[in-house]
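Read through the structure below, which is laid out as structure tokens, and then see the notes.
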Amino acid sequence: MTIRRVLVVGFGRMGQGLTSWLACSGIEVVVQTRRATERCRTDFESAMMRIAERMKPGPDTVPEVLKRVNFVNDFDNNMDWIVECLEEDLRIKSEFLNSLSKNYSGIVSTNTSTLTIEALSTHVPNPSLFLGTHFLNPVPVIPLVEIIFTDRTDYGAISTICEFLKEHGKIPVKVPDVHGFVVNRILFAALFQAMELLDAQSVTAHAIDTCMKEGCSWPMGPLALADYIGLDVCESIMKSLTQDTSFPYRNIPQVLQRLLRNDHLGRKNHKGFYNYD
């Protein structure tokens, strides 16, 4: 199977990043969004111009890339691959997966970062063509894609997606179907510990981040990274991880709850563990 036409469902940060990477890779992309399609196109055009100024989208010009992207509120079954990029909420993702037509014969994947693929697979018409493709933000920059599947996933579907990803510069890695997979399970254990240290000990966010950057060669400290991810998103991921009895942390850190109560969301509204005004 050749992937030529991809449907991206959801146009938040991950949906936008995935759309720009696919379009710059020469793939026709259809974006399903609940937002006004013209507003989405305008926002995407502005984002692509910023990317072109910093990185260049390859030999294509931005207008040529934009021609490959269409924004719709509904879609047909003429897709080779559907990638779900909705909010990290089991109900929202399940509702979309339940809505897929039984006549659709292509591959479906979810970009979930913490929910298990086994749980989500019960909501798709054809579990043999369903898998997890966890892209990392920013999608055009980070090559890793975690590949997650169940016992029912067809090997041909896994192979098709992995070969497509490698062909377009990504590094697919098969990982276990546990909450958080590998990257977020390890990363958020560190974020839990950093937040607990900040809350319980006389140590600053700057000191914690400096230790991890200078001592462990992290490009960004854990608390600065939490601000970049979004503190509301961090809370959602942490809630999912704490549902797994094998994960060592059970409660959302108090410091994170206090920040969220005061509408500190991180870089997105210039207030988090750090101020960005």
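Ligands are numbered from 1 in the order shown, residues from 1 within each chain, and chains are lettered A, B, ... in the order they appear in the structure tokens.
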
Inset, instruction - Please report, as number ranges by chain, each residue of region 8-81 of chain A to which DSSP assigns alpha helix (DSSP H) when run on this structure's backbone. - result: A: 13-24, 37-54, 62-66

Inset, instruction - Can you pull out every residue within 12 Å of Gly156 (chain A), counting only C-alpha atoms, but drop anything in the same chain fewer than 2 positions away, and send it as an MDAnalysis selection string? - result: chainID A and resid 1:2 106:107 128:131 149 152:154 158:163

Output for the residues just chosen: N, CA and C atoms as a JSON list (two decimals), in the first residue's frame:
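Dumped to again-v6.json:
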[["chain", "number", "residue", "atom", "x", "y", "z"],
["A", 1, "MET", "N", 0.84, -1.20, 0.00],
["A", 1, "MET", "CA", 0.00, 0.00, 0.00],
["A", 1, "MET", "C", 0.87, 1.25, 0.00],
["A", 2, "THR", "N", 0.54, 2.19, -0.85],
["A", 2, "THR", "CA", 1.26, 3.46, -0.92],
["A", 2, "THR", "C", 0.43, 4.56, -0.27],
["A", 106, "GLY", "N", -8.68, 1.93, 4.93],
["A", 106, "GLY", "CA", -7.29, 2.35, 5.12],
["A", 106, "GLY", "C", -6.82, 2.19, 6.55],
["A", 107, "ILE", "N", -5.61, 2.66, 6.81],
["A", 107, "ILE", "CA", -5.00, 2.57, 8.13],
["A", 107, "ILE", "C", -5.49, 3.74, 9.00],
["A", 128, "SER", "N", -7.61, -4.43, 13.12],
["A", 128, "SER", "CA", -6.40, -4.94, 12.47],
["A", 128, "SER", "C", -5.63, -3.84, 11.75],
["A", 129, "LEU", "N", -6.31, -2.73, 11.45],
["A", 129, "LEU", "CA", -5.67, -1.61, 10.75],
["A", 129, "LEU", "C", -5.49, -0.40, 11.66],
["A", 130, "PHE", "N", -5.45, -0.65, 12.97],
["A", 130, "PHE", "CA", -5.34, 0.43, 13.94],
["A", 130, "PHE", "C", -4.05, 0.31, 14.74],
["A", 131, "LEU", "N", -3.36, 1.43, 14.94],
["A", 131, "LEU", "CA", -2.13, 1.45, 15.73],
["A", 131, "LEU", "C", -1.89, 2.84, 16.30],
["A", 149, "PHE", "N", 1.16, -0.97, 19.01],
["A", 149, "PHE", "CA", 0.14, -1.78, 18.35],
["A", 149, "PHE", "C", -0.35, -2.86, 19.31],
["A", 152, "ARG", "N", -3.90, -7.61, 17.66],
["A", 152, "ARG", "CA", -4.80, -7.69, 16.51],
["A", 152, "ARG", "C", -4.33, -6.84, 15.32],
["A", 153, "THR", "N", -3.34, -6.00, 15.53],
["A", 153, "THR", "CA", -2.87, -5.13, 14.45],
["A", 153, "THR", "C", -2.15, -5.95, 13.39],
["A", 154, "ASP", "N", -2.54, -5.74, 12.14],
["A", 154, "ASP", "CA", -1.93, -6.47, 11.02],
["A", 154, "ASP", "C", -0.49, -6.01, 10.82],
["A", 158, "ILE", "N", 1.54, -2.10, 10.12],
["A", 158, "ILE", "CA", 2.70, -1.60, 10.87],
["A", 158, "ILE", "C", 3.85, -1.33, 9.91],
["A", 159, "SER", "N", 4.11, -2.28, 9.03],
["A", 159, "SER", "CA", 5.21, -2.15, 8.07],
["A", 159, "SER", "C", 5.01, -0.96, 7.14],
["A", 160, "THR", "N", 3.77, -0.77, 6.66],
["A", 160, "THR", "CA", 3.47, 0.34, 5.75],
["A", 160, "THR", "C", 3.78, 1.68, 6.41],
["A", 161, "ILE", "N", 3.31, 1.85, 7.66],
["A", 161, "ILE", "CA", 3.54, 3.11, 8.35],
["A", 161, "ILE", "C", 5.02, 3.31, 8.65],
["A", 162, "CYS", "N", 5.69, 2.28, 9.11],
["A", 162, "CYS", "CA", 7.12, 2.41, 9.43],
["A", 162, "CYS", "C", 7.95, 2.75, 8.19],
["A", 163, "GLU", "N", 7.66, 2.10, 7.08],
["A", 163, "GLU", "CA", 8.40, 2.39, 5.84],
["A", 163, "GLU", "C", 8.12, 3.81, 5.36]]

Legend entry - Of the listed residues A:Cys234, A:Met79, A:Val9, A:Met14, that which approaches Phe188 (chain A) most closely, counting only C-alpha atoms: A:Cys234

Legend entry - Nearby residues (only C-alpha atoms) at most 9 Å from region 19-25 of chain A, same-chain spacing under 6 positions excluded, as number ranges by chain: A: 6, 8, 11, 31, 44, 47-48, 57-58, 60, 62, 65-69, 139-141, 168

Please produce a file of those selected residues containing C-alpha atoms, as a short mmCIF file (atom, residue, chain, number, x, y, z; two decimals), in the first residue's frame.
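Okay, this is what ended up in again_19.cif:
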data_model
loop_
_atom_site.label_atom_id
_atom_site.label_comp_id
_atom_site.auth_asym_id
_atom_site.auth_seq_id
_atom_site.Cartn_x
_atom_site.Cartn_y
_atom_site.Cartn_z
CA VAL A 6 -3.61 11.55 4.67
CA VAL A 8 -5.32 14.68 10.01
CA PHE A 11 -5.73 21.07 14.37
CA VAL A 31 -7.44 18.40 7.83
CA PHE A 44 -1.56 27.61 8.79
CA ALA A 47 2.81 29.31 10.47
CA MET A 48 4.30 28.00 7.21
CA PRO A 57 10.38 23.70 3.47
CA GLY A 58 12.83 22.17 1.00
CA ASP A 60 9.04 23.76 -2.65
CA VAL A 62 5.23 27.91 0.58
CA VAL A 65 3.05 23.39 0.02
CA LEU A 66 -0.24 25.12 0.84
CA LYS A 67 -1.83 23.67 -2.31
CA ARG A 68 -1.42 20.19 -0.80
CA VAL A 69 -3.55 21.04 2.26
CA VAL A 139 6.83 17.35 14.65
CA PRO A 140 8.90 18.81 11.76
CA VAL A 141 12.03 18.84 13.96
CA HIS A 168 10.31 10.81 4.94
#
